[in-house]
file upload20.cif (mmCIF, C-alpha atoms)
data_start
#
loop_
_atom_site.label_atom_id
_atom_site.label_comp_id
_atom_site.auth_asym_id
_atom_site.auth_seq_id
_atom_site.Cartn_x
_atom_site.Cartn_y
_atom_site.Cartn_z
CA MET B 42 -13.10 -6.01 2.34
CA ASN B 43 -15.82 -4.60 4.56
CA LEU B 44 -13.93 -3.97 7.75
CA GLU B 45 -14.47 -1.25 10.28
CA ILE B 46 -11.04 0.29 10.86
CA ASP B 47 -10.06 1.95 14.09
CA LYS B 48 -6.96 2.43 16.16
CA ASN B 49 -7.23 -1.12 17.50
CA ASN B 50 -7.23 -3.04 14.24
CA TYR B 51 -4.81 -1.41 11.79
CA GLY B 52 -2.85 -4.66 12.03
CA GLU B 53 -5.85 -6.74 10.99
CA PHE B 54 -6.45 -4.48 7.98
CA VAL B 55 -2.77 -4.71 6.96
CA ASP B 56 -2.98 -8.50 7.16
CA LYS B 57 -6.11 -8.58 4.96
CA ILE B 58 -4.40 -6.47 2.29
CA VAL B 59 -1.25 -8.61 2.40
CA ASP B 60 -3.38 -11.77 2.17
CA ILE B 61 -4.86 -10.44 -1.08
CA PHE B 62 -1.36 -9.80 -2.47
CA ARG B 63 -0.39 -13.36 -1.52
CA LEU B 64 -3.12 -14.57 -3.89
CA SER B 65 -1.40 -12.86 -6.81
CA ILE B 66 -1.28 -14.90 -10.02
CA LYS B 67 -0.17 -14.21 -13.59
CA THR B 68 -3.73 -14.19 -14.99
CA SER B 69 -4.95 -11.24 -12.92
CA SER B 70 -3.57 -8.01 -11.52
CA ILE B 71 -4.11 -6.57 -8.07
CA LEU B 72 -4.45 -2.80 -8.04
CA PHE B 73 -3.94 -1.06 -4.70
CA ASN B 74 -4.17 2.73 -4.55
CA LEU B 75 -3.86 4.87 -1.47
CA LYS B 76 -4.48 8.56 -2.13
CA ILE B 77 -3.67 11.09 0.59
CA SER B 78 -5.66 14.31 0.45
CA ASP B 79 -6.75 16.79 3.11
CA TYR B 80 -5.46 14.63 5.98
CA LYS B 81 -7.46 11.63 4.76
CA ALA B 82 -6.24 8.37 3.22
CA TYR B 83 -8.52 6.96 0.51
CA ILE B 84 -7.79 3.29 -0.06
CA ASN B 85 -9.05 1.47 -3.15
CA LEU B 86 -8.32 -2.13 -4.00
CA SER B 87 -9.38 -4.15 -7.00
CA ILE B 88 -8.45 -7.30 -8.88
CA VAL B 89 -8.56 -7.20 -12.67
CA GLU B 90 -8.64 -10.44 -14.62
CA HIS B 91 -6.94 -10.56 -18.01
CA SER B 92 -10.42 -11.08 -19.46
CA GLY B 93 -11.30 -7.58 -18.22
CA GLU B 94 -13.50 -8.72 -15.36
CA LYS B 95 -12.93 -6.52 -12.32
CA LYS B 96 -13.63 -7.16 -8.65
CA GLU B 97 -13.61 -3.98 -6.57
CA TYR B 98 -13.51 -3.80 -2.82
CA ASN B 99 -15.28 -1.00 -0.95
CA GLU B 100 -13.27 2.18 -0.58
CA VAL B 101 -11.87 2.70 2.91
CA ILE B 102 -11.29 6.25 4.18
CA LEU B 103 -9.05 6.79 7.19
CA ASP B 104 -7.52 9.81 8.90
CA TYR B 105 -3.98 10.42 7.67
CA ASN B 106 -1.74 11.34 10.59
CA ASP B 107 1.45 10.19 12.30
CA ARG B 108 -0.31 7.23 13.91
CA PHE B 109 -1.66 6.07 10.54
CA TYR B 110 1.79 6.44 8.99
CA ASN B 111 3.57 4.57 11.80
CA ASP B 112 0.98 1.93 12.70
CA PHE B 113 -0.53 1.22 9.28
CA LEU B 114 1.60 2.44 6.39
CA LEU B 115 5.03 1.34 7.62
CA PRO B 116 3.88 -2.22 8.50
CA LEU B 117 1.92 -2.44 5.23
CA ILE B 118 4.92 -1.47 3.10
CA SER B 119 7.17 -3.83 5.03
CA LYS B 120 4.83 -6.80 4.62
CA VAL B 121 3.96 -6.14 0.97
CA ASN B 122 7.69 -5.89 0.31
CA MET B 123 8.27 -9.28 1.98
CA PHE B 124 5.42 -11.16 0.33
CA GLY B 125 4.59 -9.23 -2.84
CA ASN B 126 7.54 -10.20 -5.07
CA ILE B 127 8.24 -6.55 -5.91
CA VAL B 128 10.35 -6.14 -9.06
CA THR B 129 10.11 -2.39 -9.62
CA LYS B 130 9.83 0.49 -7.17
CA ASP B 131 10.08 4.21 -7.76
CA ILE B 132 9.01 7.63 -6.61
CA VAL B 133 7.45 9.95 -9.17
CA ASN B 134 5.93 13.40 -9.15
CA LEU B 135 2.89 12.99 -11.36
CA ASP B 136 1.32 16.39 -10.68
CA ASN B 137 4.45 18.57 -10.61
CA ASP B 138 3.65 19.69 -7.07
CA SER B 139 5.39 19.18 -3.73
CA LEU B 140 3.80 15.73 -3.24
CA VAL B 141 4.96 12.48 -4.81
CA THR B 142 3.73 8.99 -5.58
CA LEU B 143 5.41 5.77 -4.47
CA ARG B 144 4.86 2.96 -6.99
CA LEU B 145 5.54 -0.74 -6.59
CA ILE B 146 5.07 -3.34 -9.32
CA SER B 147 5.18 -7.07 -8.64
CA GLU B 148 6.40 -9.87 -10.86
CA ASN B 149 2.73 -10.70 -11.59
CA ASN B 150 2.09 -7.11 -12.73
CA ASP B 151 0.28 -6.04 -9.57
CA LEU B 152 0.37 -2.28 -8.96
CA PHE B 153 0.67 -0.74 -5.49
CA THR B 154 0.62 3.08 -5.35
CA ILE B 155 0.59 5.67 -2.59
CA ASP B 156 -0.16 9.14 -3.93
CA GLY B 157 0.17 12.39 -2.01
CA LEU B 158 3.25 11.64 0.09
CA SER B 159 5.80 14.24 1.11
CA GLN B 160 9.24 13.69 -0.34
CA ASP B 161 10.57 12.85 3.16
CA ASP B 162 7.86 10.27 3.85
CA SER B 163 8.36 8.65 0.46
CA ASN B 164 12.14 8.53 0.95
CA ASN B 165 11.62 6.82 4.33
CA LEU B 166 9.31 4.25 2.74
CA MET B 167 11.82 3.66 -0.05
CA LYS B 168 14.55 3.04 2.56
CA LEU B 169 12.26 0.48 4.19
CA LEU B 170 11.80 -1.20 0.80
CA ASP B 171 15.55 -1.21 0.19
CA ASN B 172 16.13 -2.95 3.52
CA LYS B 173 14.12 -6.07 2.67
CA LYS B 174 16.67 -8.39 4.29
CA ASN B 175 16.44 -6.43 7.56
CA ASN B 176 12.63 -6.52 7.41
CA LEU B 177 12.65 -10.31 7.20
CA ILE B 178 14.79 -10.53 10.31
CA GLU B 179 12.71 -8.03 12.32
CA ASN B 180 9.25 -9.40 11.44
#
call {"tool": "encode", "arguments": {"input": "upload20.cif", "output": "structure tokens"}}
result
Amino acid sequence: MNLEIDKNNYGEFVDKIVDIFRLSIKTSSILFNLKISDYKAYINLSIVEHSGEKKEYNEVILDYNDRFYNDFLLPLISKVNMFGNIVTKDIVNLDNDSLVTLRLISENNDLFTIDGLSQDDSNNLMKLLDNKKNNLIEN
């Protein structure tokens, strides 16, 4: 997923990620991890076959700010929720600090995590996930 990301193509990047989740099958797992640290978002994506073979995409590092949250993260969560067949979603505090991790698991055992969110941001994303019917109407 070599793609130069800037303010003009967040939407294209979201679509590429969602397209990968649309390819989800039972014999492989898609692993998406977005780690927020020091106002940066580190995005890693890989596909692991049940045989153990792993395909990793290049890490993408973006500035984490309000524009990233509104123009990238909100649309990404909405679209993954619509097309990813999510069966489990939760918010956990893995490090016992003030930041939390949002986890989504699909019916094909794909894992989508966003680590380093504030409790407020994660609650807003969870509300978006809970309003799947509304997302289908709006998008």
call {"tool": "atom_distance", "arguments": {"input": "upload20.cif", "atom1": "atom CA of Lys81 of chain B", "atom2": "atom CA of Gly157 of chain B"}}
result
10.2 Å
call {"tool": "closest_residue", "arguments": {"input": "upload20.cif", "among": "B:Lys57, B:Lys96, B:His91, B:Arg63", "to": "Gly125 of chain B", "atoms": "only C-alpha atoms"}}
result
B:Arg63
call {"tool": "closest_residue", "arguments": {"input": "upload20.cif", "among": "B:Ile61, B:Leu143, B:Leu152, B:Ile102", "to": "Ile127 of chain B", "atoms": "all atoms listed in the file"}}
result
B:Leu152
call {"tool": "resolve_selection", "arguments": {"input": "upload20.cif", "expression": "the PyMOL selection byres ((chain B and resi 105) around 12)", "output": "number ranges by chain"}}
result
B: 75-84, 102-104, 106-114, 157-158
call {"tool": "resolve_selection", "arguments": {"input": "upload20.cif", "expression": "the PyMOL selection byres ((chain B and resi 166-171) around 10)", "output": "list in words"}}
result
Leu114, Leu115, Pro116, Ile118, Ser119, Lys120, Val121, Asn122, Met123, Ile127, Lys130, Asp131, Ile132, Leu143, Arg144, Leu145, Leu158, Gln160, Asp161, Asp162, Ser163, Asn164, Asn165, Asn172, Lys173, Lys174, Asn175 and Asn176 of chain B
call {"tool": "residues_around", "arguments": {"input": "upload20.cif", "residues": "Glu90 of chain B", "least_positions_apart": "2", "cutoff": "8 Å", "atoms": "all atoms listed in the file", "output": "ChimeraX atom specification"}}
result
/B:68-70,88,92-95
call {"tool": "residues_around", "arguments": {"input": "upload20.cif", "residues": "Ile71 of chain B", "least_positions_apart": "5", "cutoff": "10 Å", "atoms": "all atoms listed in the file", "output": "list in words"}}
result
Ile61, Phe62, Leu64, Ser65, Ile66, Leu86, Ser87, Ile88, Val89, Glu90, Lys95, Lys96, Glu97, Ile146, Ser147, Asn149, Asn150, Asp151, Leu152 and Phe153 of chain B
call {"tool": "resolve_selection", "arguments": {"input": "upload20.cif", "expression": "the PyMOL selection byres ((chain B and resi 138) around 12)", "output": "list of chain:residue names"}}
result
B:Val133, B:Asn134, B:Leu135, B:Asp136, B:Asn137, B:Ser139, B:Leu140, B:Val141, B:Thr142, B:Asp156, B:Gly157, B:Leu158, B:Ser159, B:Gln160
call {"tool": "closest_residue", "arguments": {"input": "upload20.cif", "among": "B:Asn126, B:Phe73, B:Leu117, B:Asn85", "to": "Thr154 of chain B", "atoms": "all atoms listed in the file"}}
result
B:Phe73
call {"tool": "closest_residue", "arguments": {"input": "upload20.cif", "among": "B:Glu148, B:Phe124, B:Asn74, B:Asp60", "to": "Glu100 of chain B", "atoms": "only C-alpha atoms"}}
result
B:Asn74
call {"tool": "build_atoms", "arguments": {"input": "upload20.cif", "residues": "segment 132-145 of chain B", "atoms": "N, CA and C atoms", "output": "PDB file, in the coordinates of the input"}}
result
ATOM      1  N   ILE B 132       9.719   6.468  -7.129  1.00  0.00           N
ATOM      2  CA  ILE B 132       9.010   7.630  -6.610  1.00  0.00           C
ATOM      3  C   ILE B 132       8.889   8.601  -7.780  1.00  0.00           C
ATOM      4  N   VAL B 133       7.668   9.029  -8.062  1.00  0.00           N
ATOM      5  CA  VAL B 133       7.450   9.950  -9.170  1.00  0.00           C
ATOM      6  C   VAL B 133       6.595  11.121  -8.702  1.00  0.00           C
ATOM      7  N   ASN B 134       6.767  12.229  -9.392  1.00  0.00           N
ATOM      8  CA  ASN B 134       5.930  13.400  -9.150  1.00  0.00           C
ATOM      9  C   ASN B 134       5.023  13.546 -10.356  1.00  0.00           C
ATOM     10  N   LEU B 135       3.824  13.020 -10.242  1.00  0.00           N
ATOM     11  CA  LEU B 135       2.890  12.990 -11.360  1.00  0.00           C
ATOM     12  C   LEU B 135       2.201  14.332 -11.602  1.00  0.00           C
ATOM     13  N   ASP B 136       2.078  15.141 -10.570  1.00  0.00           N
ATOM     14  CA  ASP B 136       1.320  16.390 -10.680  1.00  0.00           C
ATOM     15  C   ASP B 136       2.203  17.634 -10.687  1.00  0.00           C
ATOM     16  N   ASN B 137       3.514  17.448 -10.679  1.00  0.00           N
ATOM     17  CA  ASN B 137       4.450  18.570 -10.610  1.00  0.00           C
ATOM     18  C   ASN B 137       4.124  19.512  -9.447  1.00  0.00           C
ATOM     19  N   ASP B 138       3.868  18.914  -8.285  1.00  0.00           N
ATOM     20  CA  ASP B 138       3.650  19.690  -7.070  1.00  0.00           C
ATOM     21  C   ASP B 138       4.648  19.223  -6.020  1.00  0.00           C
ATOM     22  N   SER B 139       4.431  19.556  -4.778  1.00  0.00           N
ATOM     23  CA  SER B 139       5.390  19.180  -3.730  1.00  0.00           C
ATOM     24  C   SER B 139       5.152  17.766  -3.214  1.00  0.00           C
ATOM     25  N   LEU B 140       4.123  17.081  -3.699  1.00  0.00           N
ATOM     26  CA  LEU B 140       3.800  15.730  -3.240  1.00  0.00           C
ATOM     27  C   LEU B 140       4.157  14.715  -4.318  1.00  0.00           C
ATOM     28  N   VAL B 141       4.500  13.514  -3.873  1.00  0.00           N
ATOM     29  CA  VAL B 141       4.960  12.480  -4.810  1.00  0.00           C
ATOM     30  C   VAL B 141       4.148  11.204  -4.655  1.00  0.00           C
ATOM     31  N   THR B 142       4.386  10.286  -5.583  1.00  0.00           N
ATOM     32  CA  THR B 142       3.730   8.990  -5.580  1.00  0.00           C
ATOM     33  C   THR B 142       4.777   7.891  -5.494  1.00  0.00           C
ATOM     34  N   LEU B 143       4.578   6.964  -4.583  1.00  0.00           N
ATOM     35  CA  LEU B 143       5.410   5.770  -4.470  1.00  0.00           C
ATOM     36  C   LEU B 143       4.710   4.673  -5.247  1.00  0.00           C
ATOM     37  N   ARG B 144       5.442   4.033  -6.181  1.00  0.00           N
ATOM     38  CA  ARG B 144       4.860   2.960  -6.990  1.00  0.00           C
ATOM     39  C   ARG B 144       5.661   1.682  -6.823  1.00  0.00           C
ATOM     40  N   LEU B 145       4.938   0.588  -6.661  1.00  0.00           N
ATOM     41  CA  LEU B 145       5.540  -0.740  -6.590  1.00  0.00           C
ATOM     42  C   LEU B 145       4.846  -1.616  -7.617  1.00  0.00           C
TER      43      LEU B 145
END
